[in-house]
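Okay, data-v6.pdb is below, PDB, C-alpha atoms and all ligand atoms:
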ATOM      1  CA  MET B  18      43.830 -30.214   3.285
ATOM      2  CA  GLU B  19      43.935 -26.725   1.735
ATOM      3  CA  THR B  20      42.778 -28.001  -1.580
ATOM      4  CA  VAL B  21      39.676 -25.975  -2.236
ATOM      5  CA  ASN B  22      38.706 -26.203  -5.832
ATOM      6  CA  GLN B  23      38.723 -22.694  -7.323
ATOM      7  CA  SER B  24      35.298 -23.328  -8.844
ATOM      8  CA  ASP B  25      33.840 -23.931  -5.334
ATOM      9  CA  LYS B  26      34.883 -20.404  -4.374
ATOM     10  CA  TYR B  27      32.998 -18.844  -7.225
ATOM     11  CA  ILE B  28      30.019 -16.762  -6.199
ATOM     12  CA  SER B  29      27.778 -15.047  -8.653
ATOM     13  CA  LYS B  30      27.389 -11.296  -8.836
ATOM     14  CA  GLU B  31      23.855 -11.623  -7.515
ATOM     15  CA  ILE B  32      24.935 -13.435  -4.328
ATOM     16  CA  GLU B  33      27.816 -11.044  -3.825
ATOM     17  CA  MET B  34      25.464  -8.069  -4.118
ATOM     18  CA  THR B  35      22.921  -9.669  -1.789
ATOM     19  CA  ILE B  36      25.567 -10.231   0.888
ATOM     20  CA  ARG B  37      26.886  -6.697   0.455
ATOM     21  CA  HIS B  38      23.358  -5.309   0.703
ATOM     22  CA  LEU B  39      22.558  -7.289   3.870
ATOM     23  CA  SER B  40      25.792  -6.181   5.517
ATOM     24  CA  ASP B  41      25.110  -2.490   4.824
ATOM     25  CA  GLU B  42      24.599  -0.664   8.162
ATOM     26  CA  LYS B  43      21.896   1.543   6.666
ATOM     27  CA  VAL B  44      19.898  -1.468   5.505
ATOM     28  CA  ARG B  45      20.262  -3.123   8.895
ATOM     29  CA  HIS B  46      18.918  -0.056  10.710
ATOM     30  CA  ALA B  47      16.050   0.361   8.243
ATOM     31  CA  ILE B  48      15.052  -3.278   8.754
ATOM     32  CA  ILE B  49      15.051  -2.707  12.517
ATOM     33  CA  VAL B  50      12.826   0.384  12.120
ATOM     34  CA  GLN B  51      10.502  -1.588   9.853
ATOM     35  CA  GLY B  52      10.045  -4.158  12.619
ATOM     36  CA  TYR B  53       9.013  -1.411  15.047
ATOM     37  CA  ILE B  54       6.587   0.005  12.477
ATOM     38  CA  ARG B  55       4.914  -3.416  12.135
ATOM     39  CA  GLN B  56       4.724  -3.781  15.901
ATOM     40  CA  TYR B  57       3.359  -0.299  16.662
ATOM     41  CA  VAL B  58       0.832  -0.330  13.821
ATOM     42  CA  SER B  59      -0.433  -3.720  15.039
ATOM     43  CA  ASP B  60      -0.600  -2.469  18.636
ATOM     44  CA  PHE B  61      -2.531   0.607  17.523
ATOM     45  CA  LEU B  62      -5.042  -1.315  15.426
ATOM     46  CA  ARG B  63      -5.645  -3.881  18.164
ATOM     47  CA  LEU B  64      -6.236  -1.066  20.653
ATOM     48  CA  LYS B  65      -8.850   0.264  18.227
ATOM     49  CA  GLY B  66     -10.579  -3.140  18.086
ATOM     50  CA  TYR B  67      -9.261  -4.323  14.698
ATOM     51  CA  ILE B  68      -8.802  -8.064  14.177
ATOM     52  CA  GLU B  69      -5.721  -9.264  12.296
ATOM     53  CA  ILE B  70      -6.384 -11.822   9.580
ATOM     54  CA  SER B  71      -3.729 -13.793   7.757
ATOM     55  CA  PRO B  72      -2.694 -12.909   4.223
ATOM     56  CA  ILE B  73      -3.933 -14.557   1.053
ATOM     57  CA  ILE B  74      -1.198 -15.352  -1.470
ATOM     58  CA  ILE B  75      -3.099 -17.065  -4.272
ATOM     59  CA  SER B  76      -6.737 -16.804  -5.324
ATOM     60  CA  PRO B  77      -9.066 -16.672  -8.325
ATOM     61  CA  LEU B  78      -9.954 -13.170  -7.116
ATOM     62  CA  THR B  79      -7.503 -10.304  -6.840
ATOM     63  CA  ASP B  80      -7.192  -6.581  -7.453
ATOM     64  CA  PRO B  81      -7.364  -5.686 -11.174
ATOM     65  CA  LEU B  82      -5.338  -2.482 -10.435
ATOM     66  CA  ASN B  83      -5.646   0.573 -12.646
ATOM     67  CA  HIS B  84      -2.216   0.471 -14.251
ATOM     68  CA  PRO B  85      -0.494  -2.190 -16.352
ATOM     69  CA  VAL B  86       1.567  -4.904 -14.677
ATOM     70  CA  TYR B  87       2.759  -8.284 -15.929
ATOM     71  CA  ASP B  88       0.154 -10.682 -14.667
ATOM     72  CA  PRO B  89       1.035 -14.375 -14.741
ATOM     73  CA  MET B  90      -1.888 -16.707 -14.251
ATOM     74  CA  ILE B  91      -1.556 -19.977 -12.397
ATOM     75  CA  HIS B  92      -3.545 -22.781 -13.912
ATOM     76  CA  ALA B  93      -4.273 -25.619 -11.483
ATOM     77  CA  TYR B  94      -7.079 -27.929 -10.359
ATOM     78  CA  GLY B  95      -8.974 -27.124 -13.546
ATOM     79  CA  GLY B  96      -9.151 -23.399 -12.782
ATOM     80  CA  ASP B  97      -7.234 -20.125 -12.940
ATOM     81  CA  MET B  98      -5.671 -18.289 -10.029
ATOM     82  CA  TRP B  99      -3.532 -15.216  -9.562
ATOM     83  CA  ILE B 100      -0.966 -14.077  -7.023
ATOM     84  CA  THR B 101      -2.374 -11.374  -4.780
ATOM     85  CA  LYS B 102      -1.983  -7.813  -6.074
ATOM     86  CA  SER B 103      -4.035  -6.594  -3.140
ATOM     87  CA  MET B 104      -6.583  -8.222  -0.852
ATOM     88  CA  ILE B 105      -9.218  -5.628  -1.642
ATOM     89  CA  PHE B 106     -12.014  -8.163  -2.282
ATOM     90  CA  HIS B 107     -11.023 -10.452   0.567
ATOM     91  CA  LYS B 108     -11.137  -7.402   2.820
ATOM     92  CA  GLN B 109     -14.607  -6.485   1.626
ATOM     93  CA  ILE B 110     -15.824 -10.046   2.118
ATOM     94  CA  ALA B 111     -14.201 -10.677   5.521
ATOM     95  CA  VAL B 112     -15.258  -7.351   6.959
ATOM     96  CA  GLN B 113     -18.943  -8.173   6.486
ATOM     97  CA  GLU B 114     -18.649 -10.607   9.401
ATOM     98  CA  LEU B 115     -15.554  -9.448  11.295
ATOM     99  CA  LYS B 116     -16.434  -5.692  11.156
ATOM    100  CA  LYS B 117     -12.908  -4.268  11.643
ATOM    101  CA  ILE B 118      -9.904  -6.027  10.137
ATOM    102  CA  PHE B 119      -6.304  -5.607   9.119
ATOM    103  CA  ILE B 120      -3.714  -7.724   7.340
ATOM    104  CA  MET B 121       0.048  -7.470   6.924
ATOM    105  CA  SER B 122      -0.468  -8.365   3.303
ATOM    106  CA  PRO B 123       2.359  -9.280   0.911
ATOM    107  CA  ASN B 124       1.516  -8.168  -2.621
ATOM    108  CA  ILE B 125       3.123  -9.051  -5.925
ATOM    109  CA  ARG B 126       2.815  -6.426  -8.654
ATOM    110  CA  LEU B 127       5.156  -7.094 -11.533
ATOM    111  CA  GLU B 128       5.548  -3.436 -12.446
ATOM    112  CA  GLU B 129       6.905  -2.371 -15.806
ATOM    113  CA  GLU B 130      10.688  -1.905 -16.014
ATOM    114  CA  LYS B 131      10.371   1.882 -16.262
ATOM    115  CA  ARG B 132       9.377   1.969 -12.576
ATOM    116  CA  ALA B 133      12.837   0.736 -11.532
ATOM    117  CA  GLU B 134      14.151   4.262 -11.082
ATOM    118  CA  THR B 135      11.383   5.827  -8.969
ATOM    119  CA  GLY B 136      12.918   4.830  -5.626
ATOM    120  CA  ARG B 137       9.361   3.935  -4.560
ATOM    121  CA  HIS B 138       8.511   0.696  -6.373
ATOM    122  CA  LEU B 139       9.237  -2.898  -5.436
ATOM    123  CA  TYR B 140       7.442  -5.703  -7.241
ATOM    124  CA  GLU B 141       7.145  -7.595  -3.970
ATOM    125  CA  PHE B 142       6.105  -5.514  -0.976
ATOM    126  CA  THR B 143       3.839  -5.638   2.065
ATOM    127  CA  GLN B 144       0.944  -3.362   2.798
ATOM    128  CA  ILE B 145      -0.944  -2.891   6.035
ATOM    129  CA  ASP B 146      -4.405  -3.358   4.599
ATOM    130  CA  ILE B 147      -7.272  -2.096   6.767
ATOM    131  CA  GLU B 148     -11.047  -2.215   6.336
ATOM    132  CA  ALA B 149     -14.054  -1.386   8.535
ATOM    133  CA  LEU B 150     -17.756  -2.006   8.074
ATOM    134  CA  GLU B 151     -20.245   0.858   7.905
ATOM    135  CA  LYS B 152     -17.608   3.525   8.418
ATOM    136  CA  SER B 153     -17.301   6.602   6.237
ATOM    137  CA  ARG B 154     -14.254   7.901   4.431
ATOM    138  CA  GLU B 155     -13.952  10.616   7.075
ATOM    139  CA  ASP B 156     -13.960   8.026   9.903
ATOM    140  CA  MET B 157     -11.142   6.150   8.219
ATOM    141  CA  MET B 158      -9.108   9.273   7.464
ATOM    142  CA  ASP B 159      -9.302  10.038  11.164
ATOM    143  CA  LEU B 160      -8.081   6.508  11.978
ATOM    144  CA  ALA B 161      -5.211   6.784   9.468
ATOM    145  CA  GLU B 162      -4.086  10.096  10.964
ATOM    146  CA  ASP B 163      -4.071   8.597  14.451
ATOM    147  CA  LEU B 164      -2.187   5.545  13.176
ATOM    148  CA  ILE B 165       0.577   7.630  11.577
ATOM    149  CA  ILE B 166       0.894   9.935  14.598
ATOM    150  CA  TYR B 167       0.907   7.020  17.082
ATOM    151  CA  THR B 168       3.490   4.979  15.152
ATOM    152  CA  ILE B 169       5.893   7.846  14.526
ATOM    153  CA  GLY B 170       5.379   9.038  18.121
ATOM    154  CA  ARG B 171       6.390   5.666  19.563
ATOM    155  CA  ILE B 172       9.444   5.368  17.332
ATOM    156  CA  LYS B 173      10.552   8.839  18.403
ATOM    157  CA  LYS B 174       9.976   8.037  22.054
ATOM    158  CA  GLU B 175      11.174   4.436  22.276
ATOM    159  CA  HIS B 176      13.872   4.335  19.589
ATOM    160  CA  PRO B 177      15.391   7.787  19.170
ATOM    161  CA  GLU B 178      18.753   6.082  18.532
ATOM    162  CA  GLU B 179      17.448   4.718  15.229
ATOM    163  CA  LEU B 180      16.253   8.132  14.039
ATOM    164  CA  LYS B 181      19.549   9.604  15.180
ATOM    165  CA  TYR B 182      21.394   7.043  13.072
ATOM    166  CA  PHE B 183      19.533   8.377  10.011
ATOM    167  CA  HIS B 184      19.922  12.036  11.136
ATOM    168  CA  ARG B 185      16.160  12.125  10.867
ATOM    169  CA  GLU B 186      14.104  14.685  12.725
ATOM    170  CA  LEU B 187      10.380  14.092  12.425
ATOM    171  CA  PRO B 188       7.943  16.680  13.760
ATOM    172  CA  ASP B 189       4.891  15.840  15.884
ATOM    173  CA  TYR B 190       2.245  15.936  13.160
ATOM    174  CA  LYS B 191      -1.113  17.384  14.150
ATOM    175  CA  LYS B 192      -4.628  16.289  13.168
ATOM    176  CA  PRO B 193      -6.492  16.890  10.966
ATOM    177  CA  PHE B 194      -4.118  16.688   8.000
ATOM    178  CA  ASP B 195      -4.794  19.122   5.132
ATOM    179  CA  LYS B 196      -6.944  17.948   2.234
ATOM    180  CA  ILE B 197      -6.958  18.841  -1.430
ATOM    181  CA  THR B 198      -9.131  17.407  -4.174
ATOM    182  CA  TYR B 199      -7.477  15.652  -7.102
ATOM    183  CA  LEU B 200      -8.815  18.232  -9.583
ATOM    184  CA  ASP B 201      -7.657  21.195  -7.466
ATOM    185  CA  ALA B 202      -4.219  19.625  -7.068
ATOM    186  CA  GLU B 203      -3.987  19.112 -10.834
ATOM    187  CA  LYS B 204      -5.070  22.725 -11.445
ATOM    188  CA  LYS B 205      -2.583  24.099  -8.914
ATOM    189  CA  TYR B 206       0.488  21.972  -9.684
ATOM    190  CA  GLY B 207      -0.094  20.586 -13.192
ATOM    191  CA  LYS B 208       0.396  16.991 -14.364
ATOM    192  CA  ASP B 209       3.174  16.173 -11.902
ATOM    193  CA  PHE B 210       0.975  17.261  -8.985
ATOM    194  CA  GLU B 211       1.649  14.373  -6.608
ATOM    195  CA  ARG B 212       5.388  15.005  -6.539
ATOM    196  CA  LYS B 213       4.993  18.774  -6.256
ATOM    197  CA  LEU B 214       2.316  18.567  -3.580
ATOM    198  CA  SER B 215       4.543  16.211  -1.607
ATOM    199  CA  LEU B 216       7.619  18.438  -1.999
ATOM    200  CA  GLU B 217       5.707  21.477  -0.769
ATOM    201  CA  ALA B 218       3.952  19.755   2.158
ATOM    202  CA  LYS B 219       5.275  20.045   5.714
ATOM    203  CA  SER B 220       2.893  17.377   7.041
ATOM    204  CA  PRO B 221       1.104  14.397   5.435
ATOM    205  CA  VAL B 222      -1.704  15.643   3.193
ATOM    206  CA  TRP B 223      -4.846  14.017   1.818
ATOM    207  CA  LEU B 224      -5.584  13.868  -1.882
ATOM    208  CA  ILE B 225      -9.324  13.238  -2.098
ATOM    209  CA  ASP B 226     -12.168  12.942  -4.628
ATOM    210  CA  ILE B 227     -10.240  11.098  -7.314
ATOM    211  CA  PRO B 228     -11.855  10.873 -10.784
ATOM    212  CA  LEU B 229     -13.313   7.529 -11.707
ATOM    213  CA  LYS B 230     -10.975   6.883 -14.634
ATOM    214  CA  GLU B 231      -7.942   7.123 -12.352
ATOM    215  CA  ARG B 232      -9.073   4.313 -10.063
ATOM    216  CA  GLU B 233     -10.274   0.723  -9.999
ATOM    217  CA  PHE B 234     -13.977  -0.069 -10.248
ATOM    218  CA  TYR B 235     -14.464  -0.898  -6.596
ATOM    219  CA  ASP B 236     -14.115   2.565  -5.005
ATOM    220  CA  ARG B 237     -17.468   4.242  -4.481
ATOM    221  CA  GLU B 238     -18.744   7.042  -6.683
ATOM    222  CA  TYR B 239     -20.378  10.031  -4.965
ATOM    223  CA  PRO B 240     -24.127   9.505  -5.383
ATOM    224  CA  ASP B 241     -24.450  13.230  -6.223
ATOM    225  CA  LYS B 242     -21.149  13.861  -8.074
ATOM    226  CA  PRO B 243     -20.963  11.477 -11.018
ATOM    227  CA  GLY B 244     -17.444  10.570 -12.077
ATOM    228  CA  ILE B 245     -15.882  11.459  -8.708
ATOM    229  CA  LEU B 246     -15.022   8.846  -6.088
ATOM    230  CA  ARG B 247     -15.319   8.905  -2.311
ATOM    231  CA  ASP B 248     -11.728   7.905  -1.900
ATOM    232  CA  MET B 249      -8.541   9.255  -0.391
ATOM    233  CA  ASP B 250      -4.814   8.926  -0.883
ATOM    234  CA  LEU B 251      -2.401  10.046   1.781
ATOM    235  CA  ILE B 252       0.724  11.820   0.537
ATOM    236  CA  TYR B 253       3.882  12.058   2.629
ATOM    237  CA  PRO B 254       5.635  15.427   2.885
ATOM    238  CA  GLU B 255       9.212  16.200   1.735
ATOM    239  CA  GLY B 256       8.800  14.575  -1.666
ATOM    240  CA  TYR B 257       8.211  11.011  -0.385
ATOM    241  CA  GLN B 258       4.856  10.900  -2.202
ATOM    242  CA  GLU B 259       2.163   8.229  -1.759
ATOM    243  CA  ALA B 260       1.730   6.767   1.720
ATOM    244  CA  SER B 261      -1.657   5.159   1.338
ATOM    245  CA  SER B 262      -4.613   4.697  -0.964
ATOM    246  CA  GLY B 263      -8.144   3.855   0.000
ATOM    247  CA  GLY B 264     -11.784   4.720  -0.173
ATOM    248  CA  GLU B 265     -15.388   3.831   0.449
ATOM    249  CA  ARG B 266     -16.391   0.788  -1.593
ATOM    250  CA  GLU B 267     -19.237   0.236  -4.000
ATOM    251  CA  PHE B 268     -21.617  -2.254  -2.398
ATOM    252  CA  GLU B 269     -24.777  -2.128  -4.520
ATOM    253  CA  LEU B 270     -24.880  -4.816  -7.191
ATOM    254  CA  SER B 271     -26.097  -2.519  -9.987
ATOM    255  CA  LYS B 272     -23.306  -0.004  -9.322
ATOM    256  CA  ILE B 273     -20.657  -2.736  -9.122
ATOM    257  CA  LEU B 274     -21.759  -4.152 -12.492
ATOM    258  CA  GLU B 275     -21.943  -0.687 -14.068
ATOM    259  CA  ARG B 276     -18.437   0.134 -12.876
ATOM    260  CA  ILE B 277     -16.981  -3.215 -14.064
ATOM    261  CA  HIS B 278     -18.473  -2.615 -17.521
ATOM    262  CA  LYS B 279     -17.226   0.977 -17.630
ATOM    263  CA  LYS B 280     -13.683  -0.297 -17.073
ATOM    264  CA  GLY B 281     -14.117  -2.787 -19.920
ATOM    265  CA  GLN B 282     -13.612  -5.687 -17.521
ATOM    266  CA  THR B 283     -15.502  -8.966 -17.586
ATOM    267  CA  GLU B 284     -17.993 -10.107 -14.965
ATOM    268  CA  ASP B 285     -16.438 -13.560 -15.162
ATOM    269  CA  GLN B 286     -13.203 -12.285 -13.604
ATOM    270  CA  PHE B 287     -15.086 -11.152 -10.499
ATOM    271  CA  LYS B 288     -17.858 -13.737 -10.472
ATOM    272  CA  TRP B 289     -17.491 -14.770  -6.817
ATOM    273  CA  PHE B 290     -17.465 -11.181  -5.677
ATOM    274  CA  ILE B 291     -20.533 -10.443  -7.816
ATOM    275  CA  GLU B 292     -22.307 -13.455  -6.321
ATOM    276  CA  LEU B 293     -21.640 -12.069  -2.892
ATOM    277  CA  ALA B 294     -22.918  -8.634  -3.880
ATOM    278  CA  LYS B 295     -26.090 -10.348  -5.158
ATOM    279  CA  HIS B 296     -26.439 -11.980  -1.779
ATOM    280  CA  GLY B 297     -25.988  -8.523  -0.241
ATOM    281  CA  ILE B 298     -23.027  -6.660   1.209
ATOM    282  CA  LYS B 299     -22.839  -3.486   3.267
ATOM    283  CA  LEU B 300     -20.739  -0.397   2.791
ATOM    284  CA  SER B 301     -17.179  -0.700   3.984
ATOM    285  CA  THR B 302     -14.231   1.656   3.829
ATOM    286  CA  GLY B 303     -10.540   0.985   4.041
ATOM    287  CA  PHE B 304      -7.040   1.820   2.977
ATOM    288  CA  GLY B 305      -3.590   0.287   2.640
ATOM    289  CA  ILE B 306      -0.250   1.650   3.828
ATOM    290  CA  GLY B 307       2.883   0.264   2.213
ATOM    291  CA  ILE B 308       5.256  -0.816   4.974
ATOM    292  CA  GLU B 309       8.410  -0.311   2.923
ATOM    293  CA  ARG B 310       7.329   3.197   1.916
ATOM    294  CA  PHE B 311       6.433   4.018   5.519
ATOM    295  CA  THR B 312       9.901   2.830   6.575
ATOM    296  CA  ARG B 313      11.542   4.833   3.795
ATOM    297  CA  PHE B 314       9.761   7.951   4.995
ATOM    298  CA  VAL B 315      10.479   7.410   8.702
ATOM    299  CA  CYS B 316      14.167   6.757   8.026
ATOM    300  CA  GLY B 317      14.363   9.466   5.386
ATOM    301  CA  VAL B 318      16.179   7.258   2.873
ATOM    302  CA  GLU B 319      16.049   7.880  -0.841
ATOM    303  CA  LYS B 320      15.772   4.382  -2.255
ATOM    304  CA  ILE B 321      13.149   1.863  -1.266
ATOM    305  CA  GLU B 322      15.595  -1.001  -1.832
ATOM    306  CA  ASP B 323      17.488   0.200   1.242
ATOM    307  CA  VAL B 324      14.601  -0.761   3.543
ATOM    308  CA  SER B 325      14.205  -4.317   2.267
ATOM    309  CA  PRO B 326      16.504  -7.299   2.920
ATOM    310  CA  PHE B 327      15.711  -8.828  -0.491
ATOM    311  CA  PRO B 328      14.530  -5.916  -2.634
ATOM    312  CA  LYS B 329      12.678  -6.693  -5.841
ATOM    313  CA  ILE B 330      13.333  -3.872  -8.265
ATOM    314  CA  PRO B 331      11.069  -3.867 -11.342
ATOM    315  CA  GLY B 332      12.741  -5.432 -14.345
ATOM    316  CA  LYS B 333      15.301  -7.408 -12.366
ATOM    317  CA  ILE B 334      15.114 -11.011 -11.189
ATOM    318  CA  SER B 335      16.400 -10.967  -7.610
ATOM    319  CA  LEU B 336      16.671 -13.434  -4.756
TER     320      LEU B 336
HETATM  321  N1  LIG K 401      -5.281  -1.433  -0.274
HETATM  322  C1  LIG K 401      -5.915  -0.486  -1.159
HETATM  323  C2  LIG K 401      -7.252  -0.055  -0.583
HETATM  324  O1  LIG K 401      -7.602  -0.455   0.495
HETATM  325  C3  LIG K 401      -6.119  -1.059  -2.525
HETATM  326  C4  LIG K 401      -4.846  -1.321  -3.265
HETATM  327  O2  LIG K 401      -3.809  -1.608  -2.704
HETATM  328  N2  LIG K 401      -4.887  -1.257  -4.573
HETATM  329  O3  LIG K 401      -7.954   0.719  -1.216
END
As C-alpha cells, what does this structure read like?
Ligand code: ASN
Amino acid sequence: METVNQSDKYISKEIEMTIRHLSDEKVRHAIIVQGYIRQYVSDFLRLKGYIEISPIIISPLTDPLNHPVYDPMIHAYGGDMWITKSMIFHKQIAVQELKKIFIMSPNIRLEEEKRAETGRHLYEFTQIDIEALEKSREDMMDLAEDLIIYTIGRIKKEHPEELKYFHRELPDYKKPFDKITYLDAEKKYGKDFERKLSLEAKSPVWLIDIPLKEREFYDREYPDKPGILRDMDLIYPEGYQEASSGGEREFELSKILERIHKKGQTEDQFKWFIELAKHGIKLSTGFGIGIERFTRFVCGVEKIEDVSPFPKIPGKISL
C-alpha cells in the first residue's frame, strides 16, 4: 500500500517555513517566556485592583493612529466597521464605570512594507492595554515601572533556566526610571533619537512631553504648554527601543473637537465617542505595552518574528 501520490507529498514553501519556524528551539523558548510575561503582568495588575476586560476585534470605532497603515473597512449590516488598531476609545469608555482596567488586546496594523526590516514590527500583535480613571501621568508611570520590575523579577526568580537559555542577564532595574522630554532628546541625539537614546540607556527610560503633531488627537495637551502633550513613551535600553506608549487623555468636548479638526479628521469617524464626551467623561490615563516586544527584550533576541508562533511581517501574507 506504499502508493502515495507524489502530489500528496507536496508542501508549499510557506508551510515548510512555518513548520521549521515552530520547531526552532529559540522560538519555543521565547513562546514559553511570553506565556510567563502574560501571567505575571496579569497577576500584577490584579494585585493592583485592575479588572481584565475581553478584547474587541471589530468596531465602528478604533484608533486612527498617527502614521499610515493599510486600513480595510468592513461593510456589513448597513454600516462600516474596522478591525481594532488599538482599543484606546473602548478603554476610555469602559474605564468611566470600571475605574481600573486592562486588556490583552490583539491589534491589527497593516504597516507599510518598509517596516519589514525593523525587527520590531508585526502587523498582528498583542498589547497589554491599561487605563485608570482620574489618575495622572505620573501615577501611571509609577505603575508601569512597578509592572516592568515585578514581571522581570519573577521571570528571573522563577524561570532562570529560560534566561540562561538565551544567555540573557537582566539587571534589577530601580525606580524611578530616568525621563527626558521629546524636544531635549531630539536636541541631544538628532532625528534618530529614539534608537540612540535606547542604545545609550542602561535602564528603561521615559520619553515625555511629545509634541502634538507626533501623536493622535486623544492624548491630552498641557493646559499651560500649548502644542505639548501630557504623554509618555517608555524606551527599553540596549537598543530595543519602544516598550510602551501612553498618556493622559483629552476629556473635555471642546478640546476633543479642536484636536480632531487640527488633525484634519472628521467628527463622523468618532461620532459615538463624541456623543459620550457630550454626555460627560472624566480624565483617564493609560498606556499599552506590546507583549511581543516585551518578550523580545526579556529574551534579548534581535527579530520580533522569533517570539511569535505565526509572525506577521509587514508586506508578507503569512499563516
Ligand atoms: N495603547 C496606547 C495608549 O494607551 C495607544 C496605542 O496603542 N496607539 O496610549
Next item on the list: Within 8 Å of ligand LIG 401 (chain K), which residues show up when you count all atoms listed in the file? List them as a ChimeraX atom specification, please.
Entry: /B:80,82,102-105,144-148,233,236,261-264,302-306
Checklist line | range 311-315 of chain B surroundings by all atoms listed in the file, 10 Å radius, close-in-sequence under 5 positions cut, as a count of residues only | finding: 39
Next item on the list: Check what the PyMOL selection byres (((chain B and resi 189) around 9) and not hetatm) selects in the file above and give those residues as a ChimeraX atom specification.
Entry: /B:166,169-170,187-188,190-191
Checklist line | Spatial neighbours of Ile298 in chain B, 10 Å, all atoms listed in the file, chain gap at least 2 places, as a ChimeraX atom specification | finding: /B:109-110,112-113,150,267-270,290,293-296,300-301
Note to self: Between CA of Met34 in chain B and CA of Glu128 in chain B, what is the distance in Å, rounded to a tenth?
What the structure shows: 22.1 Å
Given the file shown, determine the residues that the PyMOL selection byres (((chain B and resi 130-132) around 6) and not hetatm) selects; report them as an mmCIF file with C-alpha atoms, in the frame of the given file.
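Contents of the output file part_26.cif:
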data_model
loop_
_atom_site.group_PDB
_atom_site.id
_atom_site.type_symbol
_atom_site.label_atom_id
_atom_site.label_comp_id
_atom_site.auth_asym_id
_atom_site.auth_seq_id
_atom_site.Cartn_x
_atom_site.Cartn_y
_atom_site.Cartn_z
ATOM 1 C CA GLU B 129 6.905 -2.371 -15.806
ATOM 2 C CA ALA B 133 12.837 0.736 -11.532
ATOM 3 C CA GLU B 134 14.151 4.262 -11.082
ATOM 4 C CA THR B 135 11.383 5.827 -8.969
ATOM 5 C CA PRO B 331 11.069 -3.867 -11.342
ATOM 6 C CA GLY B 332 12.741 -5.432 -14.345
#
Item checked: Top pick for closest residue to Trp99 in chain B, considering B:Tyr239, B:Pro77, B:Gly66, B:Val44 and counting all atoms listed in the file ->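 Checking each of B:Tyr239, B:Pro77, B:Gly66, B:Val44 against Trp99 in chain B, counting all atoms listed in the file, the winner is B:Pro77.
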Next item on the list: Considering all atoms listed in the file, return as a list of chain:residue names whatever protein or nucleic-acid residues lie within 12 Å of Glu211 in chain B, sequence-local ones (same chain, fewer than 5 positions apart) excluded.
Entry: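 Near Glu211 in chain B, the qualifying residues are B:Ile197, B:Thr198, B:Tyr199, B:Leu200, B:Asp201, B:Ala202, B:Glu203, B:Lys204, B:Lys205, B:Tyr206, B:Leu216, B:Glu217, B:Ala218, B:Val222, B:Trp223, B:Leu224, B:Ile225, B:Asp250, B:Leu251, B:Ile252, B:Tyr253, B:Pro254, B:Glu255, B:Gly256, B:Tyr257, B:Gln258, B:Glu259, B:Ala260.
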Note to self: Considering only C-alpha atoms, can you say which of B:Thr143, B:Ser153, B:Ser215, B:Thr101 comes closest to Pro81 in chain B?
What the structure shows: B:Thr101
Margin query: the PyMOL selection byres (((chain B and resi 237) around 6) and not hetatm) - which residues does that actually catch in the file I just gave you? List them as a list of chain:residue names.
Written below: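 Taken on the displayed file, the PyMOL selection byres (((chain B and resi 237) around 6) and not hetatm) yields the residues B:Asp236, B:Glu238, B:Leu246, B:Arg247, B:Glu265, B:Arg266, B:Glu267.
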If I wrap all listed atoms of range 84-100 of chain B in a box with edges along x, y and z and add 8 Å on each side, what are its centre and edge lengths in Å to one decimal, as JSON?
{"center_x": -3.2, "center_y": -13.7, "center_z": -11.7, "size_x": 27.9, "size_y": 44.4, "size_z": 25.3}
Checklist line | Nearest to Arg126 in chain B, chosen from B:Lys329, B:Phe194, B:Lys108, B:Asp248, with only C-alpha atoms counted in the distances | finding: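 Among the listed residues, B:Lys329 lies closest to Arg126 in chain B.
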Next item on the list: Measuring atom to atom with only C-alpha atoms, identify which of B:Leu115, B:Leu274, B:Met249, B:Cys316 is nearest to Arg154 in chain B.
Entry: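 Using only C-alpha atoms, Arg154 in chain B sits closest to B:Met249.
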Next item on the list: For CA of Ser40 in chain B and CA of Pro328 in chain B, quote the distance in Å rounded to one decimal.
Entry: 13.9 Å
Margin query: Between CA of Pro221 in chain B and CA of Met158 in chain B, what is the distance in Å, rounded to a tenth?
Written below: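 Calculated distance between CA of Pro221 in chain B and CA of Met158 in chain B is 11.6 Å.
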Quick one: residues within 9 Å of Ala111 in chain B, all atoms listed in the file counted, chain neighbours fewer than 6 positions away excluded, as a compact mmCIF listing (two decimals) with C-alpha atoms, in the frame of the given file?
# COMPACT_ATOMS: atom_id res chain seq x y z
CA ILE B 70 -6.38 -11.82 9.58
CA LYS B 117 -12.91 -4.27 11.64
CA ILE B 118 -9.90 -6.03 10.14
Next item on the list: For each of B:Asn83, B:His46, B:Lys152, B:Ile120, take the minimum atom-to-atom distance to Glu178 in chain B, counting all atoms listed in the file, then give the residue where this is smallest.
Entry: B:His46
Checklist line | Shortest interatomic distance to Ile100 in chain B - which of B:Lys26, B:His176, B:Asp195, B:Ser76, counting only C-alpha atoms | finding: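 Among the listed residues, B:Ser76 lies closest to Ile100 in chain B.
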